[in-house]
Every structure is written in C-alpha cells, then in structure tokens.
file upload-v7.cif (mmCIF, C-alpha atoms and all ligand atoms)
data_upload
loop_
_atom_site.label_atom_id
_atom_site.label_comp_id
_atom_site.auth_asym_id
_atom_site.auth_seq_id
_atom_site.Cartn_x
_atom_site.Cartn_y
_atom_site.Cartn_z
CA MET A 4 0.56 7.32 -1.50
CA ILE A 5 2.64 8.70 1.32
CA THR A 6 3.44 12.37 1.71
CA ALA A 7 5.92 13.78 4.18
CA ARG A 8 6.20 17.51 4.67
CA ASN A 9 8.93 19.32 6.55
CA LEU A 10 9.56 16.47 8.97
CA LYS A 11 11.74 17.41 11.91
CA LYS A 12 12.78 15.26 14.82
CA ILE A 13 14.69 16.67 17.75
CA TYR A 14 15.81 14.28 20.47
CA ALA A 15 16.46 15.99 23.77
CA MET A 16 19.51 14.53 25.49
CA GLY A 17 19.69 16.42 28.76
CA ARG A 18 20.73 19.91 27.71
CA VAL A 19 21.87 18.79 24.28
CA GLU A 20 19.48 18.59 21.36
CA VAL A 21 20.06 16.11 18.55
CA HIS A 22 18.48 17.24 15.29
CA ALA A 23 17.97 13.82 13.74
CA LEU A 24 15.67 15.11 10.97
CA ASN A 25 15.97 18.67 9.73
CA GLY A 26 12.99 19.29 7.45
CA VAL A 27 12.43 16.34 5.13
CA SER A 28 9.73 16.39 2.44
CA PHE A 29 8.85 13.86 -0.27
CA ASP A 30 6.07 11.83 -1.86
CA ILE A 31 6.14 8.07 -2.26
CA GLY A 32 3.67 6.51 -4.70
CA THR A 33 1.77 3.28 -4.11
CA GLY A 34 3.82 0.35 -5.36
CA GLU A 35 7.15 2.18 -5.34
CA PHE A 36 10.29 0.40 -4.12
CA VAL A 37 12.28 3.16 -2.45
CA GLY A 38 15.74 2.93 -0.94
CA ILE A 39 16.73 5.24 1.92
CA MET A 40 20.49 5.63 1.96
CA GLY A 41 23.04 7.78 3.75
CA SER A 42 25.83 7.47 6.26
CA SER A 43 25.46 6.25 9.83
CA GLY A 44 23.60 8.80 11.95
CA SER A 45 22.07 10.60 8.94
CA GLY A 46 18.52 9.93 10.21
CA LYS A 47 17.43 6.86 8.20
CA SER A 48 15.99 4.84 11.10
CA THR A 49 14.43 7.98 12.57
CA LEU A 50 12.68 8.66 9.27
CA LEU A 51 11.36 5.10 9.07
CA HIS A 52 10.06 5.31 12.65
CA MET A 53 8.19 8.54 11.84
CA LEU A 54 6.65 7.20 8.62
CA SER A 55 5.55 3.97 10.28
CA LEU A 56 3.94 5.84 13.20
CA LEU A 57 6.21 4.25 15.79
CA ASP A 58 7.25 7.70 16.99
CA ASP A 59 6.01 11.28 16.45
CA PRO A 60 8.03 13.92 14.64
CA THR A 61 8.70 17.16 16.52
CA GLU A 62 7.27 19.04 13.55
CA GLY A 63 5.82 18.30 10.14
CA GLU A 64 3.03 16.39 8.43
CA ILE A 65 2.54 12.86 7.17
CA THR A 66 -0.38 11.63 5.11
CA ILE A 67 -0.91 8.02 4.12
CA GLY A 68 -3.63 7.23 1.61
CA GLY A 69 -4.90 10.80 2.11
CA GLU A 70 -5.24 10.38 5.88
CA ASP A 71 -3.64 12.84 8.25
CA VAL A 72 -2.11 10.04 10.32
CA LEU A 73 -0.34 12.16 12.95
CA THR A 74 -3.73 13.28 14.28
CA PHE A 75 -4.71 9.66 15.05
CA SER A 76 -4.99 8.52 18.68
CA ASP A 77 -2.42 5.95 19.84
CA SER A 78 -4.89 3.08 19.56
CA LYS A 79 -5.91 4.17 16.05
CA LYS A 80 -2.23 4.32 15.08
CA THR A 81 -1.74 0.81 16.41
CA ARG A 82 -4.70 -0.51 14.43
CA PHE A 83 -3.55 1.32 11.31
CA ARG A 84 -0.07 -0.18 11.65
CA LEU A 85 -1.47 -3.69 12.09
CA GLN A 86 -3.76 -3.35 9.07
CA LYS A 87 -1.34 -1.73 6.67
CA PHE A 88 2.29 -2.00 7.70
CA GLY A 89 5.03 -4.56 8.01
CA PHE A 90 8.19 -3.47 9.81
CA ILE A 91 11.63 -5.05 9.89
CA PHE A 92 13.66 -3.51 12.71
CA GLN A 93 17.37 -2.92 12.47
CA ASP A 94 17.79 -5.05 15.62
CA TYR A 95 15.06 -7.59 14.59
CA ALA A 96 13.08 -7.16 17.86
CA LEU A 97 12.02 -10.81 18.02
CA VAL A 98 10.26 -12.03 21.17
CA PRO A 99 12.91 -14.19 22.88
CA GLU A 100 10.44 -16.61 24.53
CA LEU A 101 8.65 -17.44 21.28
CA SER A 102 9.71 -19.85 18.55
CA ALA A 103 10.48 -18.66 15.03
CA LEU A 104 7.01 -19.65 13.82
CA GLU A 105 5.28 -18.06 16.84
CA ASN A 106 7.18 -14.82 16.23
CA VAL A 107 6.17 -14.81 12.58
CA ILE A 108 2.45 -15.36 13.22
CA LEU A 109 2.16 -12.81 16.05
CA PRO A 110 1.04 -9.90 13.81
CA ALA A 111 -1.48 -12.17 12.07
CA LEU A 112 -2.99 -13.27 15.40
CA ALA A 113 -3.06 -9.64 16.59
CA ARG A 114 -5.05 -8.86 13.49
CA GLY A 115 -7.58 -11.58 14.31
CA VAL A 116 -6.54 -14.22 11.77
CA PRO A 117 -7.53 -17.69 13.10
CA LEU A 118 -4.60 -19.77 14.36
CA PRO A 119 -4.65 -22.45 11.61
CA ASP A 120 -4.61 -19.80 8.84
CA ALA A 121 -1.95 -17.76 10.61
CA SER A 122 0.19 -20.87 11.07
CA ALA A 123 -0.18 -21.82 7.41
CA ALA A 124 0.84 -18.30 6.30
CA GLY A 125 3.69 -18.30 8.83
CA ARG A 126 5.05 -21.63 7.54
CA ASP A 127 4.79 -20.38 3.98
CA TYR A 128 6.79 -17.22 4.73
CA LEU A 129 9.38 -19.11 6.78
CA ASP A 130 9.76 -21.39 3.78
CA ARG A 131 10.17 -18.37 1.48
CA VAL A 132 13.08 -17.12 3.59
CA ASP A 133 14.50 -20.67 3.57
CA LEU A 134 13.89 -21.34 7.28
CA ALA A 135 11.29 -24.13 7.14
CA GLY A 136 13.66 -26.32 9.13
CA ARG A 137 14.00 -23.80 11.97
CA LYS A 138 10.38 -23.08 12.83
CA ASP A 139 10.57 -24.40 16.39
CA HIS A 140 13.85 -22.72 17.27
CA LEU A 141 13.93 -19.85 19.76
CA PRO A 142 15.67 -16.67 18.57
CA ALA A 143 18.68 -17.47 20.80
CA GLU A 144 19.04 -20.77 18.93
CA LEU A 145 19.30 -19.01 15.57
CA SER A 146 22.21 -17.22 13.90
CA GLY A 147 22.02 -13.45 13.39
CA GLY A 148 21.13 -13.86 9.72
CA GLU A 149 18.47 -16.46 10.56
CA GLN A 150 16.91 -14.12 13.15
CA GLN A 151 16.89 -11.39 10.53
CA ARG A 152 15.04 -13.69 8.12
CA VAL A 153 12.48 -14.57 10.83
CA ALA A 154 11.92 -10.82 11.26
CA ILE A 155 11.43 -10.53 7.49
CA ALA A 156 8.85 -13.34 7.45
CA ARG A 157 7.03 -11.68 10.37
CA ALA A 158 6.88 -8.37 8.51
CA LEU A 159 5.39 -10.05 5.43
CA VAL A 160 2.88 -12.39 7.07
CA ASN A 161 -0.04 -9.92 6.86
CA ASN A 162 0.68 -8.96 3.22
CA PRO A 163 1.18 -5.34 4.26
CA ASP A 164 0.37 -2.46 1.90
CA ILE A 165 3.59 -0.84 3.01
CA LEU A 166 6.73 -2.70 4.01
CA PHE A 167 9.27 -0.74 6.08
CA ALA A 168 12.62 -2.48 6.23
CA ASP A 169 15.54 -1.08 8.22
CA GLU A 170 18.71 -2.62 6.78
CA PRO A 171 17.03 -6.02 6.35
CA CYS A 172 20.15 -7.50 4.76
CA ALA A 173 22.70 -6.15 7.25
CA ASN A 174 23.52 -9.63 8.55
CA LEU A 175 23.03 -11.64 5.38
CA ASP A 176 25.62 -12.82 2.89
CA SER A 177 25.16 -11.75 -0.71
CA THR A 178 23.26 -14.92 -1.72
CA ASN A 179 20.72 -14.52 1.10
CA SER A 180 20.55 -10.76 0.53
CA ARG A 181 19.70 -11.33 -3.10
CA ALA A 182 17.02 -13.89 -2.15
CA VAL A 183 15.44 -11.35 0.24
CA LEU A 184 15.62 -8.49 -2.28
CA ASP A 185 14.15 -10.75 -4.98
CA LEU A 186 11.33 -11.61 -2.57
CA PHE A 187 10.69 -7.90 -1.86
CA GLY A 188 10.83 -7.18 -5.60
CA GLN A 189 8.35 -9.96 -6.26
CA ILE A 190 5.77 -8.86 -3.66
CA ASN A 191 6.29 -5.26 -4.73
CA LYS A 192 5.39 -6.20 -8.29
CA GLU A 193 2.77 -8.90 -7.76
CA LEU A 194 0.90 -7.35 -4.84
CA ASN A 195 1.77 -3.72 -5.64
CA GLN A 196 3.16 -3.34 -2.12
CA THR A 197 5.10 -0.20 -1.39
CA VAL A 198 8.56 -1.04 -0.07
CA ILE A 199 10.65 1.51 1.82
CA MET A 200 14.01 0.06 2.66
CA VAL A 201 17.08 1.45 4.40
CA SER A 202 20.33 0.22 2.94
CA HIS A 203 24.06 0.80 3.14
CA GLU A 204 24.94 -1.31 0.13
CA ASP A 205 25.42 0.37 -3.23
CA TRP A 206 24.58 -2.78 -5.17
CA HIS A 207 21.04 -2.78 -3.67
CA ARG A 208 20.32 0.21 -5.92
CA GLU A 209 19.62 -2.16 -8.79
CA TYR A 210 16.41 -3.14 -6.97
CA PHE A 211 15.16 0.35 -6.17
CA ASP A 212 12.86 2.57 -8.25
CA ARG A 213 14.26 5.57 -6.42
CA VAL A 214 16.81 6.41 -3.78
CA ILE A 215 16.33 9.12 -1.16
CA ARG A 216 19.77 9.95 0.17
CA LEU A 217 19.95 11.56 3.62
CA ARG A 218 22.76 13.58 5.08
CA ASP A 219 22.63 15.22 8.51
CA GLY A 220 18.86 14.80 8.69
CA LYS A 221 18.22 16.37 5.29
CA ILE A 222 17.63 15.04 1.81
CA GLU A 223 20.97 15.34 0.07
CA LYS A 224 19.64 14.06 -3.24
CA GLU A 225 17.05 11.85 -4.87
CA GLU A 226 17.90 9.49 -7.68
CA ILE A 227 15.27 8.04 -9.98
CA LEU A 228 16.33 4.56 -11.00
CA LYS A 229 13.04 3.25 -12.37
CA GLY A 230 13.51 0.95 -15.30
CA ASN A 231 16.49 -0.68 -13.64
CA ARG A 232 14.58 -3.86 -13.03
N1 LIG B 301 16.26 7.80 20.87
C1 LIG B 301 17.22 8.67 20.57
N2 LIG B 301 17.63 9.60 21.47
C2 LIG B 301 18.58 10.50 21.16
N3 LIG B 301 19.22 10.57 19.98
C3 LIG B 301 18.87 9.67 19.05
C4 LIG B 301 17.87 8.68 19.29
N4 LIG B 301 17.72 7.92 18.17
C5 LIG B 301 18.61 8.41 17.28
N5 LIG B 301 19.29 9.47 17.80
C6 LIG B 301 20.32 10.29 17.10
O1 LIG B 301 19.74 10.78 15.91
C7 LIG B 301 20.64 10.69 14.82
C8 LIG B 301 20.03 9.85 13.71
O2 LIG B 301 19.92 8.52 14.17
P1 LIG B 301 19.35 7.34 13.26
O3 LIG B 301 19.25 6.13 14.12
O4 LIG B 301 18.12 7.78 12.57
O5 LIG B 301 20.54 7.18 12.19
P2 LIG B 301 20.71 6.12 11.01
O6 LIG B 301 20.86 6.89 9.74
O7 LIG B 301 19.64 5.10 11.07
O8 LIG B 301 22.12 5.47 11.37
P3 LIG B 301 22.65 3.94 11.22
O9 LIG B 301 23.03 3.78 9.77
O10 LIG B 301 23.84 3.91 12.11
O11 LIG B 301 21.57 3.01 11.64
C9 LIG B 301 21.92 10.14 15.39
O12 LIG B 301 22.79 11.20 15.63
C10 LIG B 301 21.51 9.46 16.67
O13 LIG B 301 22.55 9.50 17.62
MG MG B 302 19.60 3.09 11.50
#
call {"tool": "encode", "arguments": {"input": "upload-v7.cif", "output": "structure tokens"}}
result
Amino acid sequence: MITARNLKKIYAMGRVEVHALNGVSFDIGTGEFVGIMGSSGSGKSTLLHMLSLLDDPTEGEITIGGEDVLTFSDSKKTRFRLQKFGFIFQDYALVPELSALENVILPALARGVPLPDASAAGRDYLDRVDLAGRKDHLPAELSGGEQQRVAIARALVNNPDILFADEPCANLDSTNSRAVLDLFGQINKELNQTVIMVSHEDWHREYFDRVIRLRDGKIEKEEILKGNR
C-alpha cells in the first residue's frame, strides 16, 4: 500500500519557480495496476520520481507499506529501492559501456544475487522481452525500442514489489507494446506486483485497474476501470 498526501514539488529555475506538483493525494493498493495519464508537462514523471524515492518532494508525505519513507536516510532509501522497486526511465538510462545482459543483471548484482543466478534471471527476462538474440549488444548497437525493452527487463529482474514505468511503450510499435503490457499484466496478477505506469496512449487503459489523470500538477480525475481485464 502506497499513500501520498499533499505532494508538492517546486523546481527553482533561477528566479522562476516551476510548480510541477501542486498538492497530490491518493492511495494505491498492493497489486493494483495504475495508469498515470495527462498531457506533457502535467507532472507525471515528477510524481513517479517522488514515489520511487529518486527525488524529494518540496512538501507532503509518502508512506509505503506503512513506512514513512521520506524520513529515511539516503542510504536507506537506496537499499529500499533495490529491495522493493523496479524503475523504467523515460530515457531508459542504460549504462552505455555494458552489454544488454550486463545492464539487465546490474540491479540483481547490486542486491547481492550471485552472478550465475543473476545471469540466468537476466537471460530469462531478455527472452521475455524477445531480445535473447541481442544479449551481447551494447546499447548503441540496439534500436530505441530494443533499448527500451532492455530497460524493461532490468526493471523486472529483481521481481520488484512495485514496478514504476515511465512511458515504457513510448518507442514500441503496437505489437511490442501489447507484449510488454501483457507481461506487466501477468506479473501483476501472478506475483501481485503493484504496477504504476505513465502512459500517453488511450488504448492502454484496457490494462489499468485505475487511471490517475494529472493536469498542471494536480489530479484532474480518477477513473476506476477494474474489471476491464
Ligand atoms: N529538473 C527540473 N527542473 C526544473 N523544472 C523541471 C524539472 N523536471 C521537470 N520540470 C518541469 O516540471 C513540469 C512537470 O514535468 P514532468 O517531467 O513531470 O512532466 P511529464 O508529465 O512527465 O511530461 P512528459 O509527458 O513530457 O514526459 C514541467 O513543466 C517541467 O518543465
Ligand atoms: Mg515525463
């Protein structure tokens, strides 16, 4: 269970302040598949960064599993993220010097999984995103959509309790998008993982239990879609 209360994020740009989040509150239950939607600049990535403890809100509270996570030290936040979260960045954030497989297994190694087990899990997830044949390629040797799928495999390799995905299908065609959404739907159901996914595409709504729609850093509306699947 995740609770967010009155989240505000103000970015200071010289003398100008950007109010990226303007008081956002909601609860997300364990095992929910939630879509975050809204126009460009509405605060979707900012919200994901706050919830996943990558950045601190200017104001507000976040609890995850009953823990007041914003009071954690930086090292405790890092450990918490490694143990519980998977994150797919809007710009993938792959390590350019590492192969696809090495990128995927990085979070597993950081968590202390022995190399052979991490490699086996990494191969399995690369296979699940249909990239078994690209495991030794560097990111620069992969297409945009392939890099995105490597980032997806990396986010899933530790079987995270909570998967944060920032437009994970932005560079995929509809067939690959559907494969990724089916994969998220499957892990969400089978492993009861919570999935919080930013999306621009209306047809993705068929996968979501609920949509939180942002506008100018505020919740414009919430739509319950449960029962869709
Ligand atoms: N690091 C930053 N410094 C200053 N302003 C920022 C920063 N990050 C985001 N912003 C501003 O905050 C607002 C929300 O940005 P955010 O990236 O959360 O939007 P978004 O909904 O994810 O948009 P998109 O759909 O284009 O990815 C925007 O006006 C953006 O310019
Ligand atoms: Mg964004």
call {"tool": "closest_residue", "arguments": {"input": "upload-v7.cif", "among": "A:Gly69, A:Pro142, A:Gly41, A:Gly63", "to": "ligand MG 302 (chain B)", "atoms": "all atoms listed in the file"}}
result
A:Gly41
call {"tool": "closest_residue", "arguments": {"input": "upload-v7.cif", "among": "A:Trp206, A:Phe92, A:Phe36, A:Phe29", "to": "Gln151 in chain A", "atoms": "all atoms listed in the file"}}
result
A:Phe92
call {"tool": "closest_residue", "arguments": {"input": "upload-v7.cif", "among": "A:Lys87, A:Lys138, A:Lys79, A:Lys221", "to": "ligand LIG 301 (chain B)", "atoms": "all atoms listed in the file"}}
result
A:Lys221
call {"tool": "closest_atom_pairs", "arguments": {"input": "upload-v7.cif", "of": "chain A", "to": "ligand LIG 301 (chain B)", "cutoff": "7 Å", "atoms": "only C-alpha atoms and all ligand atoms", "output": "Markdown table"}}
result
| residue | atom | partner | partner_atom | distance |
| --- | --- | --- | --- | --- |
| A:Tyr14 | CA | B:LIG301 | C2 | 4.7 |
| A:Ala15 | CA | B:LIG301 | C2 | 6.4 |
| A:Met16 | CA | B:LIG301 | C2 | 6.0 |
| A:Val21 | CA | B:LIG301 | N3 | 5.8 |
| A:His22 | CA | B:LIG301 | O1 | 6.6 |
| A:Ala23 | CA | B:LIG301 | O1 | 4.1 |
| A:Gly41 | CA | B:LIG301 | O6 | 6.4 |
| A:Ser42 | CA | B:LIG301 | O9 | 5.8 |
| A:Ser43 | CA | B:LIG301 | O9 | 3.5 |
| A:Gly44 | CA | B:LIG301 | O5 | 3.5 |
| A:Ser45 | CA | B:LIG301 | O6 | 4.0 |
| A:Gly46 | CA | B:LIG301 | O4 | 3.2 |
| A:Lys47 | CA | B:LIG301 | O6 | 3.8 |
| A:Ser48 | CA | B:LIG301 | O7 | 3.7 |
| A:Thr49 | CA | B:LIG301 | O4 | 3.7 |
| A:Leu50 | CA | B:LIG301 | O4 | 6.4 |
call {"tool": "residues_around", "arguments": {"input": "upload-v7.cif", "residues": "Val198 in chain A", "least_positions_apart": "6", "cutoff": "10 Å", "atoms": "only C-alpha atoms", "output": "list in words"}}
result
Ile31, Thr33, Gly34, Glu35, Phe36, Val37, Gly38, Gly89, Pro163, Asp164, Ile165, Leu166, Phe167, Ala168, Phe187, Gly188, Ile190, Asn191, Phe211 and Asp212 of chain A
call {"tool": "write_last_selection", "arguments": {"input": "upload-v7.cif", "atoms": "C-alpha atoms", "output": "PDB file, in the frame of the given file"}}
result
ATOM      1  CA  ILE A  31       6.140   8.070  -2.260  1.00  0.00           C
ATOM      2  CA  THR A  33       1.770   3.280  -4.110  1.00  0.00           C
ATOM      3  CA  GLY A  34       3.820   0.350  -5.360  1.00  0.00           C
ATOM      4  CA  GLU A  35       7.150   2.180  -5.340  1.00  0.00           C
ATOM      5  CA  PHE A  36      10.290   0.400  -4.120  1.00  0.00           C
ATOM      6  CA  VAL A  37      12.280   3.160  -2.450  1.00  0.00           C
ATOM      7  CA  GLY A  38      15.740   2.930  -0.940  1.00  0.00           C
ATOM      8  CA  GLY A  89       5.030  -4.560   8.010  1.00  0.00           C
ATOM      9  CA  PRO A 163       1.180  -5.340   4.260  1.00  0.00           C
ATOM     10  CA  ASP A 164       0.370  -2.460   1.900  1.00  0.00           C
ATOM     11  CA  ILE A 165       3.590  -0.840   3.010  1.00  0.00           C
ATOM     12  CA  LEU A 166       6.730  -2.700   4.010  1.00  0.00           C
ATOM     13  CA  PHE A 167       9.270  -0.740   6.080  1.00  0.00           C
ATOM     14  CA  ALA A 168      12.620  -2.480   6.230  1.00  0.00           C
ATOM     15  CA  PHE A 187      10.690  -7.900  -1.860  1.00  0.00           C
ATOM     16  CA  GLY A 188      10.830  -7.180  -5.600  1.00  0.00           C
ATOM     17  CA  ILE A 190       5.770  -8.860  -3.660  1.00  0.00           C
ATOM     18  CA  ASN A 191       6.290  -5.260  -4.730  1.00  0.00           C
ATOM     19  CA  PHE A 211      15.160   0.350  -6.170  1.00  0.00           C
ATOM     20  CA  ASP A 212      12.860   2.570  -8.250  1.00  0.00           C
TER      21      ASP A 212
END
call {"tool": "atom_distance", "arguments": {"input": "upload-v7.cif", "atom1": "CA of Phe75 in chain A", "atom2": "CA of Asp58 in chain A"}}
result
12.3 Å
call {"tool": "residues_near_point", "arguments": {"input": "upload-v7.cif", "point": "(0.8, 14.3, 1.4)", "cutoff": "12 Å", "atoms": "only C-alpha atoms", "output": "list in words"}}
result
Met4, Ile5, Thr6, Ala7, Arg8, Asn9, Leu10, Ser28, Phe29, Asp30, Ile31, Gly32, Leu54, Gly63, Glu64, Ile65, Thr66, Ile67, Gly68, Gly69, Glu70, Asp71, Val72 and Leu73 of chain A
call {"tool": "closest_residue", "arguments": {"input": "upload-v7.cif", "among": "A:Glu204, A:Asp94, A:Asp77, A:Asp59", "to": "ligand MG 302 (chain B)", "atoms": "only C-alpha atoms and all ligand atoms"}}
result
A:Asp94
call {"tool": "closest_residue", "arguments": {"input": "upload-v7.cif", "among": "A:Glu100, A:Glu170, A:Glu149, A:Asp120", "to": "ligand MG 302 (chain B)", "atoms": "all atoms listed in the file"}}
result
A:Glu170
call {"tool": "decode", "arguments": {"input": "upload-v7.cif", "residues": "range 122-146 of chain A", "atoms": "N, CA and C atoms", "output": "mmCIF file, in the first residue's frame"}}
result
data_model
loop_
_atom_site.group_PDB
_atom_site.id
_atom_site.type_symbol
_atom_site.label_atom_id
_atom_site.label_comp_id
_atom_site.auth_asym_id
_atom_site.auth_seq_id
_atom_site.Cartn_x
_atom_site.Cartn_y
_atom_site.Cartn_z
ATOM 1 N N SER A 122 22.653 -13.981 -13.921
ATOM 2 C CA SER A 122 22.725 -14.158 -15.371
ATOM 3 C C SER A 122 21.555 -14.984 -15.880
ATOM 4 N N ALA A 123 21.195 -16.026 -15.134
ATOM 5 C CA ALA A 123 20.067 -16.869 -15.553
ATOM 6 C C ALA A 123 18.779 -16.049 -15.575
ATOM 7 N N ALA A 124 18.566 -15.244 -14.513
ATOM 8 C CA ALA A 124 17.355 -14.407 -14.450
ATOM 9 C C ALA A 124 17.388 -13.371 -15.572
ATOM 10 N N GLY A 125 18.583 -12.813 -15.811
ATOM 11 C CA GLY A 125 18.722 -11.784 -16.848
ATOM 12 C C GLY A 125 18.401 -12.352 -18.225
ATOM 13 N N ARG A 126 18.903 -13.566 -18.509
ATOM 14 C CA ARG A 126 18.609 -14.201 -19.807
ATOM 15 C C ARG A 126 17.122 -14.463 -19.937
ATOM 16 N N ASP A 127 16.520 -14.914 -18.846
ATOM 17 C CA ASP A 127 15.095 -15.223 -18.869
ATOM 18 C C ASP A 127 14.283 -13.960 -19.205
ATOM 19 N N TYR A 128 14.619 -12.841 -18.533
ATOM 20 C CA TYR A 128 13.846 -11.619 -18.798
ATOM 21 C C TYR A 128 14.140 -11.040 -20.180
ATOM 22 N N LEU A 129 15.385 -11.175 -20.652
ATOM 23 C CA LEU A 129 15.666 -10.720 -22.026
ATOM 24 C C LEU A 129 14.854 -11.546 -23.020
ATOM 25 N N ASP A 130 14.728 -12.831 -22.721
ATOM 26 C CA ASP A 130 13.922 -13.703 -23.570
ATOM 27 C C ASP A 130 12.448 -13.255 -23.535
ATOM 28 N N ARG A 131 11.973 -12.889 -22.355
ATOM 29 C CA ARG A 131 10.561 -12.495 -22.222
ATOM 30 C C ARG A 131 10.248 -11.195 -22.947
ATOM 31 N N VAL A 132 11.270 -10.352 -23.167
ATOM 32 C CA VAL A 132 11.025 -9.152 -23.981
ATOM 33 C C VAL A 132 11.552 -9.365 -25.411
ATOM 34 N N ASP A 133 11.752 -10.655 -25.749
ATOM 35 C CA ASP A 133 12.080 -11.056 -27.117
ATOM 36 C C ASP A 133 13.429 -10.504 -27.584
ATOM 37 N N LEU A 134 14.416 -10.476 -26.671
ATOM 38 C CA LEU A 134 15.732 -9.946 -27.020
ATOM 39 C C LEU A 134 16.846 -10.947 -26.744
ATOM 40 N N ALA A 135 16.505 -12.239 -26.687
ATOM 41 C CA ALA A 135 17.521 -13.258 -26.385
ATOM 42 C C ALA A 135 18.707 -13.146 -27.351
ATOM 43 N N GLY A 136 18.422 -12.790 -28.585
ATOM 44 C CA GLY A 136 19.478 -12.714 -29.595
ATOM 45 C C GLY A 136 20.315 -11.446 -29.541
ATOM 46 N N ARG A 137 20.045 -10.572 -28.583
ATOM 47 C CA ARG A 137 20.779 -9.298 -28.515
ATOM 48 C C ARG A 137 21.535 -9.119 -27.207
ATOM 49 N N LYS A 138 21.748 -10.207 -26.469
ATOM 50 C CA LYS A 138 22.247 -10.051 -25.100
ATOM 51 C C LYS A 138 23.643 -9.437 -25.026
ATOM 52 N N ASP A 139 24.460 -9.640 -26.060
ATOM 53 C CA ASP A 139 25.824 -9.113 -26.019
ATOM 54 C C ASP A 139 25.979 -7.761 -26.700
ATOM 55 N N HIS A 140 24.860 -7.211 -27.180
ATOM 56 C CA HIS A 140 24.940 -5.901 -27.836
ATOM 57 C C HIS A 140 25.072 -4.781 -26.807
ATOM 58 N N LEU A 141 25.833 -3.748 -27.162
ATOM 59 C CA LEU A 141 25.867 -2.532 -26.345
ATOM 60 C C LEU A 141 24.623 -1.718 -26.680
ATOM 61 N N PRO A 142 24.189 -0.839 -25.747
ATOM 62 C CA PRO A 142 23.007 -0.021 -26.026
ATOM 63 C C PRO A 142 23.082 0.689 -27.378
ATOM 64 N N ALA A 143 24.280 1.219 -27.736
ATOM 65 C CA ALA A 143 24.409 1.956 -29.003
ATOM 66 C C ALA A 143 24.195 1.054 -30.214
ATOM 67 N N GLU A 144 24.286 -0.257 -29.999
ATOM 68 C CA GLU A 144 24.076 -1.211 -31.104
ATOM 69 C C GLU A 144 22.642 -1.728 -31.149
ATOM 70 N N LEU A 145 21.773 -1.092 -30.365
ATOM 71 C CA LEU A 145 20.364 -1.511 -30.321
ATOM 72 C C LEU A 145 19.469 -0.373 -30.801
ATOM 73 N N SER A 146 18.321 -0.728 -31.360
ATOM 74 C CA SER A 146 17.347 0.305 -31.745
ATOM 75 C C SER A 146 16.728 0.915 -30.483
#
